[in-house]
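*Asks:* Sharing target38.cif here; it has mmCIF, C-alpha atoms and all ligand atoms.
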data_protein
#
loop_
_atom_site.label_atom_id
_atom_site.label_comp_id
_atom_site.auth_asym_id
_atom_site.auth_seq_id
_atom_site.Cartn_x
_atom_site.Cartn_y
_atom_site.Cartn_z
CA MET J 276 9.13 55.70 180.59
CA ARG J 277 11.09 54.44 183.58
CA LYS J 278 9.84 57.30 185.67
CA ILE J 279 6.23 56.56 184.76
CA ALA J 280 6.73 52.93 185.78
CA ALA J 281 8.36 54.10 189.00
CA LEU J 282 5.41 56.40 189.62
CA LEU J 283 2.95 53.61 188.97
CA LEU J 284 4.55 51.13 191.29
CA PRO J 285 3.71 53.00 194.51
CA VAL J 286 0.16 53.51 193.22
CA PHE J 287 -0.08 49.79 192.59
CA LEU J 288 1.27 49.04 196.04
CA ALA J 289 -1.03 51.56 197.69
CA PHE J 290 -4.04 49.91 196.09
CA SER J 291 -2.77 46.45 196.91
CA LEU J 292 -1.97 46.87 200.58
CA PRO J 293 -5.51 46.86 202.00
CA ILE J 294 -6.17 43.68 200.04
CA ALA J 295 -2.95 42.17 201.29
CA ALA J 296 -4.09 42.63 204.84
CA GLN J 297 -7.15 40.45 204.22
CA ASP J 298 -5.45 37.77 202.15
CA VAL J 299 -4.38 34.46 203.57
CA VAL J 300 -0.70 34.26 202.81
CA PRO J 301 -0.12 31.19 200.64
CA PRO J 302 3.15 29.31 200.59
CA ALA J 303 5.83 30.84 198.42
CA ALA J 304 4.91 30.24 194.79
CA GLU J 305 6.90 29.92 191.65
CA ALA J 306 7.03 33.01 189.45
CA ILE J 307 4.03 33.16 187.16
CA PRO J 308 4.94 32.93 183.47
CA LEU J 309 4.26 36.05 181.46
CA SER J 310 1.92 34.10 179.24
CA GLN J 311 -0.33 33.72 182.26
CA GLY J 312 -0.24 37.35 183.16
CA GLY J 313 2.26 37.07 185.97
CA GLN J 314 5.37 39.16 186.34
CA THR J 315 8.81 38.39 187.64
CA LEU J 316 11.14 40.91 189.20
CA GLU J 317 13.38 40.53 186.15
CA ASP J 318 10.43 41.26 183.93
CA ILE J 319 9.50 44.40 185.83
CA LEU J 320 13.10 45.60 185.85
CA ALA J 321 13.53 44.84 182.16
CA ARG J 322 10.44 46.85 181.34
CA GLN J 323 11.57 49.70 183.57
CA SER J 324 14.99 49.87 181.98
CA GLY J 325 13.52 49.71 178.51
CA LEU J 326 14.94 46.25 177.69
CA LYS J 327 11.42 45.05 177.13
CA ASP J 328 8.72 46.95 175.37
CA ALA J 329 6.25 47.98 178.03
CA ARG J 330 3.53 48.02 175.40
CA GLU J 331 4.12 44.39 174.47
CA PRO J 332 0.70 42.76 174.79
CA ARG J 333 0.35 40.37 177.72
CA GLU J 334 -2.00 37.49 177.83
CA THR J 335 -3.81 37.88 181.08
CA GLY J 336 -6.75 35.51 180.55
CA SER J 337 -6.02 32.61 182.86
CA ALA J 338 -3.75 34.51 185.16
CA ALA J 339 -6.08 35.02 188.09
CA ASP J 340 -6.08 31.34 189.07
CA ALA J 341 -2.44 30.79 188.40
CA ALA J 342 -1.12 33.93 190.07
CA ALA J 343 0.82 33.80 193.30
CA GLY J 344 -0.95 35.31 196.27
CA ILE J 345 -0.50 38.95 196.94
CA GLY J 346 1.24 38.21 200.21
CA THR J 347 4.22 36.56 198.59
CA ALA J 348 7.15 38.52 197.31
CA LEU J 349 6.01 40.05 194.03
CA GLY J 350 2.87 37.95 194.09
CA THR J 351 0.33 39.07 191.58
CA ARG J 352 -3.39 38.89 191.21
CA GLY J 353 -3.05 38.05 187.54
CA ALA J 354 -5.80 39.53 185.42
CA ASP J 355 -7.40 41.03 188.53
CA SER J 356 -4.19 42.85 189.30
CA ASP J 357 -4.43 46.57 189.80
CA SER J 358 -1.27 46.91 187.76
CA VAL J 359 -3.10 45.43 184.78
CA VAL J 360 -5.88 47.98 185.26
CA TRP J 361 -3.38 50.82 185.46
CA GLU J 362 -1.56 49.47 182.45
CA THR J 363 -4.70 49.45 180.31
CA LEU J 364 -5.33 53.03 181.37
CA ARG J 365 -1.75 53.95 180.62
CA PHE J 366 -1.78 52.50 177.11
CA GLY J 367 -5.33 53.51 176.23
CA THR J 368 -6.57 49.90 175.95
CA SER J 369 -9.13 50.01 178.77
CA ASP J 370 -12.82 50.09 177.87
CA LEU J 371 -13.18 53.38 179.65
CA THR J 372 -15.93 55.63 178.32
CA VAL J 373 -16.38 59.32 179.01
CA SER J 374 -19.65 61.12 178.47
CA ALA J 375 -18.22 64.58 177.71
CA GLY J 376 -14.98 66.39 176.97
CA GLY J 377 -14.02 64.78 173.67
CA PRO J 378 -11.53 61.97 173.03
CA GLN J 379 -8.87 63.75 175.10
CA ALA J 380 -10.98 63.33 178.25
CA GLY J 381 -10.70 59.54 177.86
CA VAL J 382 -6.92 59.68 178.26
CA VAL J 383 -6.48 59.12 181.97
CA ILE J 384 -2.75 58.50 182.00
CA GLN J 385 -0.65 60.13 179.33
CA ASP J 386 2.49 58.13 178.81
CA GLY J 387 4.31 60.67 176.62
CA GLY J 388 3.89 63.54 179.05
CA MET J 389 7.11 63.08 181.01
CA TRP J 390 9.18 62.69 177.86
CA TRP J 391 7.73 65.93 176.52
CA LEU J 392 8.25 67.77 179.81
CA GLU J 393 11.86 66.66 180.02
CA PHE J 394 12.58 67.39 176.37
CA ARG J 395 11.02 70.84 176.69
CA ARG J 396 13.04 71.91 179.69
CA GLY J 397 16.12 69.92 178.60
CA PRO J 398 17.35 69.82 175.00
CA LEU J 399 14.79 72.29 173.63
CA ALA J 400 15.63 75.05 176.11
CA THR J 401 19.37 74.29 176.12
CA TYR J 402 20.02 74.04 172.38
CA GLY J 403 17.49 76.78 171.58
CA GLY J 404 19.10 79.12 174.11
CA TRP J 405 22.58 78.38 172.78
CA LEU J 406 21.44 78.96 169.21
CA LEU J 407 20.37 82.52 170.08
CA ILE J 408 23.47 83.23 172.17
CA GLY J 409 25.62 81.74 169.39
CA MET J 410 24.01 84.01 166.79
CA VAL J 411 24.59 87.12 168.91
CA GLY J 412 28.21 85.98 169.45
CA LEU J 413 28.72 85.46 165.70
CA LEU J 414 27.39 88.93 164.92
CA VAL J 415 29.64 90.53 167.54
CA LEU J 416 32.57 88.68 165.98
CA PHE J 417 31.49 89.74 162.47
CA TYR J 418 31.23 93.35 163.64
CA LEU J 419 34.70 93.20 165.18
CA VAL J 420 36.24 91.67 162.05
CA ARG J 421 34.30 93.41 159.26
CA GLY J 422 33.02 96.50 161.05
CA LYS J 423 30.04 98.48 159.82
CA ILE J 424 29.43 98.14 156.08
CA ARG J 425 29.89 101.75 155.03
CA LEU J 426 28.90 103.67 151.91
CA SER J 427 32.10 103.61 149.86
CA THR J 428 30.96 106.51 147.65
CA GLY J 429 29.57 108.60 150.54
CA PHE J 430 26.08 110.13 150.71
CA SER J 431 24.91 111.83 147.51
CA GLY J 432 22.29 114.06 149.08
CA ARG J 433 19.64 112.68 146.73
CA THR J 434 17.18 109.98 147.80
CA ILE J 435 15.16 107.35 146.03
CA VAL J 436 11.89 105.87 147.28
CA ARG J 437 12.61 102.32 148.36
CA PHE J 438 9.43 101.18 150.07
CA ALA J 439 5.90 102.64 149.82
CA SER J 440 4.04 103.27 153.07
CA ILE J 441 1.89 100.13 152.64
CA GLU J 442 5.08 98.06 152.37
CA ARG J 443 6.50 99.64 155.51
CA PHE J 444 3.20 99.12 157.31
CA GLY J 445 3.25 95.41 156.39
CA HIS J 446 6.89 95.11 157.44
CA TRP J 447 6.42 96.79 160.82
CA LEU J 448 3.21 94.89 161.54
CA LEU J 449 5.15 91.68 160.94
CA ALA J 450 8.28 92.87 162.74
CA GLY J 451 6.53 94.41 165.78
CA SER J 452 4.32 91.38 166.32
CA PHE J 453 7.21 88.95 165.79
CA ILE J 454 9.38 90.70 168.38
CA LEU J 455 6.53 90.63 170.91
CA LEU J 456 5.82 86.97 170.13
CA ALA J 457 9.49 86.08 170.45
CA LEU J 458 9.85 87.84 173.81
CA THR J 459 6.65 86.43 175.31
CA GLY J 460 7.43 82.97 173.92
CA LEU J 461 10.88 83.04 175.51
CA ILE J 462 9.36 84.22 178.81
CA SER J 463 7.01 81.21 178.74
CA LEU J 464 9.82 78.77 178.03
CA PHE J 465 12.57 80.15 180.23
CA GLY J 466 10.53 82.00 182.88
CA ARG J 467 10.50 79.26 185.48
CA MET J 468 14.24 78.74 185.28
CA GLY J 469 15.37 82.28 184.49
CA LEU J 470 12.83 84.71 185.94
CA ILE J 471 11.38 83.18 189.12
CA PRO J 472 14.78 83.34 190.85
CA LEU J 473 15.05 87.02 189.82
CA VAL J 474 11.55 88.43 190.30
CA GLY J 475 9.86 85.88 192.58
CA LYS J 476 6.87 83.63 191.96
CA GLU J 477 4.09 86.21 192.32
CA THR J 478 5.55 88.74 189.91
CA TYR J 479 6.38 85.95 187.50
CA ALA J 480 2.82 84.62 187.71
CA MET J 481 1.51 88.00 186.52
CA LEU J 482 4.18 88.19 183.85
CA ALA J 483 3.36 84.68 182.65
CA VAL J 484 -0.39 85.37 182.42
CA GLY J 485 0.30 88.67 180.60
CA SER J 486 2.78 86.98 178.25
CA LYS J 487 0.32 84.29 177.36
CA TRP J 488 -2.40 86.84 176.65
CA VAL J 489 -0.11 88.92 174.45
CA HIS J 490 1.27 85.83 172.70
CA ASN J 491 -2.18 84.41 171.90
CA ASN J 492 -3.64 87.67 170.65
CA ILE J 493 -0.71 89.24 168.82
CA SER J 494 -0.34 86.08 166.77
CA TRP J 495 -3.12 87.34 164.48
CA ALA J 496 -1.16 90.51 163.66
CA PHE J 497 1.84 88.33 162.76
CA MET J 498 -0.23 86.19 160.42
CA ILE J 499 -1.74 89.24 158.72
CA GLY J 500 1.74 90.82 158.37
CA LEU J 501 3.06 87.57 156.95
CA VAL J 502 0.38 87.43 154.27
CA MET J 503 0.88 91.13 153.40
CA VAL J 504 4.64 90.79 153.04
CA PHE J 505 4.26 87.63 150.99
CA VAL J 506 1.79 89.21 148.56
CA MET J 507 3.78 92.46 148.21
CA TRP J 508 7.24 91.00 147.81
CA VAL J 509 6.99 87.46 146.44
CA ALA J 510 7.49 88.60 142.83
CA HIS J 511 10.76 90.33 143.82
CA ASN J 512 12.03 87.27 145.67
CA LEU J 513 11.95 84.63 142.98
CA PRO J 514 15.50 83.29 142.64
CA ASN J 515 17.42 84.16 139.47
CA ARG J 516 20.96 84.09 138.05
CA THR J 517 21.89 87.45 139.55
CA ASP J 518 21.63 85.79 142.98
CA LEU J 519 24.27 83.21 142.04
CA VAL J 520 26.71 85.99 141.10
CA TRP J 521 25.79 87.79 144.32
CA PHE J 522 26.54 84.68 146.42
CA ALA J 523 29.71 83.92 144.43
CA LYS J 524 31.00 87.38 145.36
CA GLY J 525 30.12 86.92 149.04
CA GLY J 526 27.31 89.45 148.75
CA GLY J 527 29.67 92.34 149.41
CA LEU J 528 29.68 91.32 153.06
CA ILE J 529 33.04 89.65 152.71
CA GLY J 530 35.46 92.01 150.95
CA HIS J 531 34.33 95.42 149.78
CA GLY J 532 32.88 94.83 146.31
CA HIS J 533 29.22 95.45 145.49
CA PRO J 534 27.74 92.70 143.35
CA PRO J 535 24.71 93.84 141.31
CA ALA J 536 21.24 93.16 142.70
CA LYS J 537 17.64 93.94 141.86
CA LYS J 538 15.15 95.07 144.53
CA PHE J 539 16.25 92.24 146.83
CA ASN J 540 19.65 90.55 146.76
CA GLY J 541 20.33 86.82 147.29
CA GLY J 542 20.80 87.22 151.05
CA GLN J 543 17.54 89.11 151.40
CA LYS J 544 15.76 86.41 149.42
CA ILE J 545 16.98 83.86 151.96
CA ILE J 546 15.58 86.07 154.73
CA PHE J 547 12.31 86.47 152.85
CA TRP J 548 11.76 82.75 152.23
CA SER J 549 12.84 81.86 155.78
CA VAL J 550 10.31 84.32 157.14
CA ILE J 551 7.56 83.05 154.85
CA LEU J 552 8.15 79.30 155.20
CA LEU J 553 9.17 79.14 158.85
CA GLY J 554 6.62 81.84 159.72
CA ALA J 555 3.87 79.81 158.04
CA SER J 556 4.93 76.66 159.87
CA ILE J 557 5.01 78.53 163.20
CA SER J 558 1.56 79.95 162.42
CA VAL J 559 0.01 76.55 161.64
CA SER J 560 1.49 74.85 164.71
CA GLY J 561 0.49 77.94 166.73
CA LEU J 562 -3.12 77.62 165.54
CA SER J 563 -3.04 73.96 166.59
CA LEU J 564 -2.02 75.14 170.09
CA LEU J 565 -4.50 78.02 170.12
CA PHE J 566 -7.42 75.68 169.44
CA PRO J 567 -6.47 72.66 171.56
CA PHE J 568 -7.28 69.24 170.08
CA GLN J 569 -9.07 70.79 167.08
CA LEU J 570 -6.18 70.74 164.61
CA PRO J 571 -4.08 67.60 165.08
CA LEU J 572 -1.19 67.69 162.62
CA PHE J 573 1.48 65.22 163.56
CA ALA J 574 0.10 61.67 163.26
CA LYS J 575 -0.83 62.38 159.64
CA THR J 576 2.46 64.15 158.91
CA PHE J 577 4.42 61.29 160.46
CA ALA J 578 2.48 58.75 158.38
CA VAL J 579 3.36 60.62 155.18
CA MET J 580 7.00 60.90 156.28
CA ASN J 581 7.09 57.17 157.03
CA ASP J 582 5.63 56.39 153.61
CA ILE J 583 8.33 58.46 151.94
CA GLY J 584 10.93 56.71 154.11
CA ILE J 585 12.29 59.87 155.75
CA PRO J 586 13.02 58.29 159.19
CA GLY J 587 15.34 55.79 157.44
CA TRP J 588 17.34 58.60 155.82
CA ILE J 589 18.30 59.89 159.24
CA GLY J 590 18.81 56.45 160.75
CA MET J 591 15.63 56.49 162.82
CA GLU J 592 12.81 54.02 163.26
CA ALA J 593 9.38 54.81 161.84
CA PHE J 594 7.71 57.79 163.51
CA PRO J 595 4.66 57.07 165.69
CA THR J 596 1.39 57.36 163.80
CA ARG J 597 -1.01 56.62 166.66
CA LEU J 598 -0.89 59.65 168.93
CA SER J 599 -3.19 60.58 171.76
CA PRO J 600 -4.77 64.06 171.51
CA GLN J 601 -2.35 65.20 174.22
CA GLU J 602 0.65 63.86 172.33
CA GLU J 603 -0.49 65.78 169.27
CA MET J 604 -0.42 68.96 171.36
CA GLN J 605 2.99 68.12 172.75
CA PHE J 606 4.47 67.65 169.29
CA ALA J 607 2.82 70.89 168.14
CA GLN J 608 4.43 72.74 171.06
CA LEU J 609 7.89 71.31 170.43
CA TRP J 610 7.76 71.99 166.70
CA HIS J 611 6.39 75.51 167.27
CA ALA J 612 9.24 76.30 169.64
CA MET J 613 12.01 74.68 167.56
CA VAL J 614 11.07 76.47 164.34
CA SER J 615 10.65 79.72 166.29
CA PHE J 616 14.17 79.43 167.71
CA VAL J 617 15.56 79.07 164.17
CA LEU J 618 13.56 82.05 162.88
CA ILE J 619 14.49 84.22 165.88
CA ALA J 620 18.17 83.48 165.22
CA ILE J 621 17.75 84.45 161.55
CA ILE J 622 15.87 87.62 162.48
CA ILE J 623 18.56 88.67 164.98
CA ALA J 624 20.99 88.67 162.02
CA HIS J 625 18.45 90.59 159.90
CA ILE J 626 17.98 93.24 162.58
CA TYR J 627 21.74 93.59 162.91
CA ILE J 628 22.19 94.24 159.16
CA GLY J 629 19.20 96.60 159.07
CA THR J 630 20.57 98.75 161.93
CA VAL J 631 24.16 98.81 163.20
CA GLY J 632 25.56 96.49 160.55
CA MET J 633 25.04 98.60 157.43
CA GLU J 634 25.23 102.33 156.99
CA GLY J 635 22.12 103.83 155.39
CA ALA J 636 20.04 100.63 155.45
CA TYR J 637 17.55 101.54 158.17
CA ASP J 638 16.16 104.50 156.21
CA ALA J 639 14.59 102.06 153.76
CA MET J 640 12.13 100.96 156.44
CA GLY J 641 12.29 104.18 158.48
CA SER J 642 11.40 106.99 156.08
CA GLY J 643 10.99 104.72 153.08
CA GLU J 644 13.68 106.62 151.13
CA VAL J 645 17.35 105.69 150.81
CA ASP J 646 20.33 107.67 149.58
CA LEU J 647 20.85 107.24 145.85
CA ASN J 648 24.46 106.14 146.37
CA TRP J 649 23.35 103.51 148.89
CA ALA J 650 20.82 102.23 146.38
CA LYS J 651 23.44 102.18 143.59
CA GLU J 652 25.94 100.30 145.75
CA HIS J 653 23.54 97.66 147.09
CA HIS J 654 20.80 97.39 144.47
CA SER J 655 22.32 98.69 141.21
CA LEU J 656 19.98 96.82 138.86
CA TRP J 657 16.94 98.02 140.79
CA VAL J 658 18.11 101.65 140.55
CA GLU J 659 18.57 101.27 136.78
CA GLU J 660 15.10 99.82 136.52
CA MET J 661 13.61 102.68 138.58
CA GLN J 662 15.48 105.34 136.61
CA ASN J 663 14.35 103.84 133.31
CA LYS J 664 10.78 104.00 134.57
CA THR J 665 11.28 107.65 135.56
CA ALA J 666 12.78 108.40 132.17
CA THR J 667 9.77 106.90 130.44
CA GLY J 668 7.57 108.98 132.77
CA GLU J 669 6.06 106.02 134.66
CA ARG J 670 6.79 107.30 138.14
CA SER J 671 8.99 109.98 139.68
CA GLN J 672 11.30 108.21 142.10
CA THR J 673 14.26 110.35 143.08
CA THR J 674 14.13 113.52 145.12
CA PRO J 675 16.82 115.79 146.56
CA ALA J 676 17.30 115.07 150.28
CA GLU J 677 16.19 117.85 152.65
C1 LIG J 701 13.87 96.10 164.73
C2 LIG J 701 13.60 95.16 163.86
C3 LIG J 701 13.79 95.27 162.37
C4 LIG J 701 14.47 96.18 161.61
C5 LIG J 701 15.25 97.38 162.08
C6 LIG J 701 14.28 95.80 160.23
C7 LIG J 701 14.80 96.50 159.16
C8 LIG J 701 14.59 96.18 157.84
C9 LIG J 701 15.06 96.93 156.74
C10 LIG J 701 15.88 98.20 156.82
C11 LIG J 701 14.66 96.31 155.61
C12 LIG J 701 14.88 96.76 154.17
C13 LIG J 701 16.19 96.34 153.63
C14 LIG J 701 16.39 96.92 152.26
O1 LIG J 701 16.16 98.09 152.05
O2 LIG J 701 16.78 96.20 151.36
C15 LIG J 701 13.92 95.12 156.01
C16 LIG J 701 13.38 94.20 155.16
C17 LIG J 701 12.74 93.05 155.55
N1 LIG J 701 12.39 92.71 156.84
FE1 LIG J 701 12.96 93.71 158.50
N2 LIG J 701 13.54 94.65 160.19
C18 LIG J 701 13.21 94.31 161.47
C19 LIG J 701 12.47 93.21 161.86
C20 LIG J 701 11.96 92.27 161.02
C21 LIG J 701 11.24 91.11 161.42
C22 LIG J 701 10.98 90.74 162.88
C23 LIG J 701 10.89 90.44 160.32
C24 LIG J 701 10.12 89.15 160.16
C25 LIG J 701 9.71 88.39 161.12
C26 LIG J 701 11.40 91.19 159.19
C27 LIG J 701 11.25 90.80 157.89
C28 LIG J 701 11.76 91.51 156.81
C29 LIG J 701 11.71 91.03 155.44
C30 LIG J 701 11.09 89.71 154.98
C31 LIG J 701 12.33 91.99 154.66
C32 LIG J 701 12.57 91.93 153.14
C33 LIG J 701 13.83 91.12 152.88
C34 LIG J 701 15.06 91.74 153.45
O3 LIG J 701 15.29 92.93 153.24
O4 LIG J 701 15.79 91.03 154.14
N3 LIG J 701 12.03 92.30 159.65
N4 LIG J 701 13.89 95.08 157.37
#
Hey, can you dump this file as C-alpha cells for me?
*Replies:*
Amino acid sequence: MRKIAALLLPVFLAFSLPIAAQDVVPPAAEAIPLSQGGQTLEDILARQSGLKDAREPRETGSAADAAAGIGTALGTRGADSDSVVWETLRFGTSDLTVSAGGPQAGVVIQDGGMWWLEFRRGPLATYGGWLLIGMVGLLVLFYLVRGKIRLSTGFSGRTIVRFASIERFGHWLLAGSFILLALTGLISLFGRMGLIPLVGKETYAMLAVGSKWVHNNISWAFMIGLVMVFVMWVAHNLPNRTDLVWFAKGGGLIGHGHPPAKKFNGGQKIIFWSVILLGASISVSGLSLLFPFQLPLFAKTFAVMNDIGIPGWIGMEAFPTRLSPQEEMQFAQLWHAMVSFVLIAIIIAHIYIGTVGMEGAYDAMGSGEVDLNWAKEHHSLWVEEMQNKTATGERSQTTPAE
C-alpha cells in the first residue's frame, strides 16, 4: 500500500510540473481541509503509513476553488488534482469505460498487485520451501530412529494380487502427473531466485516456458487420475472402527506390532482423503488460473465464510468480498500454491513409505502382487477376506512366486 502511494507520488509530480511552470504562484495558503478535497502533509503521511484508510471517501466537490495553488508547498488543485484522477483509477471509482477486453481491462491500476507479489516471493516461498525441507528432514530422522519397516515373518514365496492393472494405471497416471506438476510448479515459483543464478537467464527462460507448457497440459492427466482413483478406492477408504484401533497402536510404525487392517489402513485413508480433497481443491483453483477471469472463486467464498463468521474465529476482520478480476486471480494463485505445498509434503512421506521406508511395499504398485506374509502383516483382515472369496470360488488370488 505504502509502496503504491510512493509510486504514485512521482507520477503525480511529473504530471503537475508542467502546470506548475505556467501557474502564478499565490501567497502561501493555509492547508485545505480534507472535506474540501485538500491534503496536508500529515494526511498524506498518515495514508502512506496506513494510519488512515486510503480508500476513505473524500469530498472533492468544492475543492478546486478552495485549493492552494500548485506552486505552494503541497498545494493542490482540489478536484482537478491529478492525484484525485489517479486515486479514482486506483480504487476503481473512475467512470472509465473500455470497449473490449472484459471487466479486467477496465482495471488500470491494481492496488493488490504489490501485496500479492510480495506475499508470493516472501512468506509463500519461504514457509512453503521450509515445509518441504522439514518433511524430508523428518523422514530422514524417522529412518535413522526406526529404520526400514521389515517383514518380521520373512518372505513366504507366495504372492497375492493386491492391485489390478487398471488400479495401477490410475495410480501411476495420478502419481506421474503429480510429480511433473510439482516439479514444474516449484520451478515457476523458485526459478527466479534459485535457478537464474545457477543456469543464467536465457536457459531459465526456456525452462520456464517449458515448465509452464508441461504444467498447463499435464494438469488434465492429474484430474483424470484423481477421478479414477476416487471411483476405484472410495469404498475401501470409508473410515471405520478398525482405523481407531490401528491409530491407537501407532499403525505399526511406532513399535513393531501389526494392527489389523482391511485393504487400506488408517494412515492410508488419511493419504487417500488428502489426495482427493486437496487434489480437488488444487484442480479447481488450477482451472481458475488456466482460464483467466472465467472462473472467479474467492469473492463468493469469502462472502460465505464471512456469513458463517469464520474470520472472527481466527481473530481476523471480515474477508474482502469486492475483488477486482486480477485480485481473484491472485488469490487463486496463492491458494493453488499453498494447498499444493501441503499435498507435496504429504506425498513425499507417501513415496518414502512406498519405497525405502517399508520392505515389500513397492511391489503392490510395481507388479501388482505382494508377498503373502507382507499382506498378512499389514492388511490381515483384507487377506482373510480375499482367502474367503477364494475358498468360495469367487476369484483365485494367491499364486506361488516365481
Ligand atoms: C514414486 C512415487 C510413488 C510411489 C513409489 C508410490 C507407491 C505406492 C504404493 C506402493 C501404494 C500401495 C500401498 C499398498 O499396497 O497398500 C500406493 C498407494 C497410493 N498412492 Fe502412491 N506412490 C507414489 C506416488 C503417488 C502420488 C504422487 C500420489 C498422489 C498424488 C499417490 C497416491 C496414492 C494413493 C491415494 C494410494 C492409496 C492409499 C495409500 O496406499 O496410501 N501416490 N502408492
*Asks:* Taking the point (-5.7, 85.9, 166.0) as given in the file, collect each protein or nucleic acid residue that comes within 12 Å of it, counting only C-alpha atoms, and present the set as a list in words.
*Replies:* Ser452, Trp488, Val489, His490, Asn491, Asn492, Ile493, Ser494, Trp495, Ala496, Phe497, Met498, Ile499, Gly500, Ser558, Val559, Gly561, Leu562, Leu565 and Phe566 of chain J
*Asks:* For ligand LIG 701 (chain J), return the neighbouring residues as JSON, numbers by chain (distance at most 6 Å; all atoms listed in the file).
*Replies:* {"J": [449, 450, 453, 454, 543, 546, 547, 550, 622, 626, 629, 630, 636, 637, 639, 640]}
*Asks:* Given all atoms listed in the file as the basis, pick out the residue of J:Ile619, J:Leu656, J:Met410, J:Ile319 nearest to Leu553 (chain J).
*Replies:*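 For Leu553 (chain J), the nearest of the given residues is J:Ile619.
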*Asks:* Compile the contact shell of Phe573 (chain J) as a PDB file with C-alpha atoms, in the coordinates of the input: residues with an atom at most 8 Å away, counting only C-alpha atoms, same-chain residues fewer than 4 positions apart removed.
*Replies:*
ATOM      1  CA  PHE J 577       4.420  61.290 160.460  1.00  0.00           C
ATOM      2  CA  THR J 596       1.390  57.360 163.800  1.00  0.00           C
ATOM      3  CA  GLU J 603      -0.490  65.780 169.270  1.00  0.00           C
ATOM      4  CA  PHE J 606       4.470  67.650 169.290  1.00  0.00           C
ATOM      5  CA  ALA J 607       2.820  70.890 168.140  1.00  0.00           C
TER       6      ALA J 607
END
*Asks:* Would you mind listing what lies within 12 Å of region 373-379 of chain J as a PyMOL selection string, with all atoms listed in the file counted and same-chain residues fewer than 3 positions away left out?
*Replies:* chain J and resi 367+369-370+382-385+567-569+571+598-604
*Asks:* Which residues are close to Glu644 (chain J), i.e. within 9 Å by all atoms listed in the file, leaving aside same-chain residues fewer than 4 positions away? Reply as number ranges by chain.
*Replies:* J: 434-439, 638-640, 673
*Asks:* For a quick check of understanding, using only C-alpha atoms, which of J:Trp390, J:Phe444, J:Phe430, J:Phe417 has the smallest distance to Ala624 (chain J)?
*Replies:*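 Smallest separation from Ala624 (chain J) among the options: J:Phe417.
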*Asks:* So, with all atoms listed in the file as the atoms that count, which of J:Trp447, J:Phe394, J:Phe366, J:Trp361 lies closest to Gln608 (chain J)?
*Replies:*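 Among J:Trp447, J:Phe394, J:Phe366, J:Trp361, it is J:Phe394 that comes nearest to Gln608 (chain J).
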*Asks:* Given only C-alpha atoms as the basis, pick out the residue of J:Ala321, J:Ile621, J:Ala666, J:Ile424 nearest to His653 (chain J).
*Replies:*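 Among the listed residues, the smallest separation from His653 (chain J) belongs to J:Ile424.
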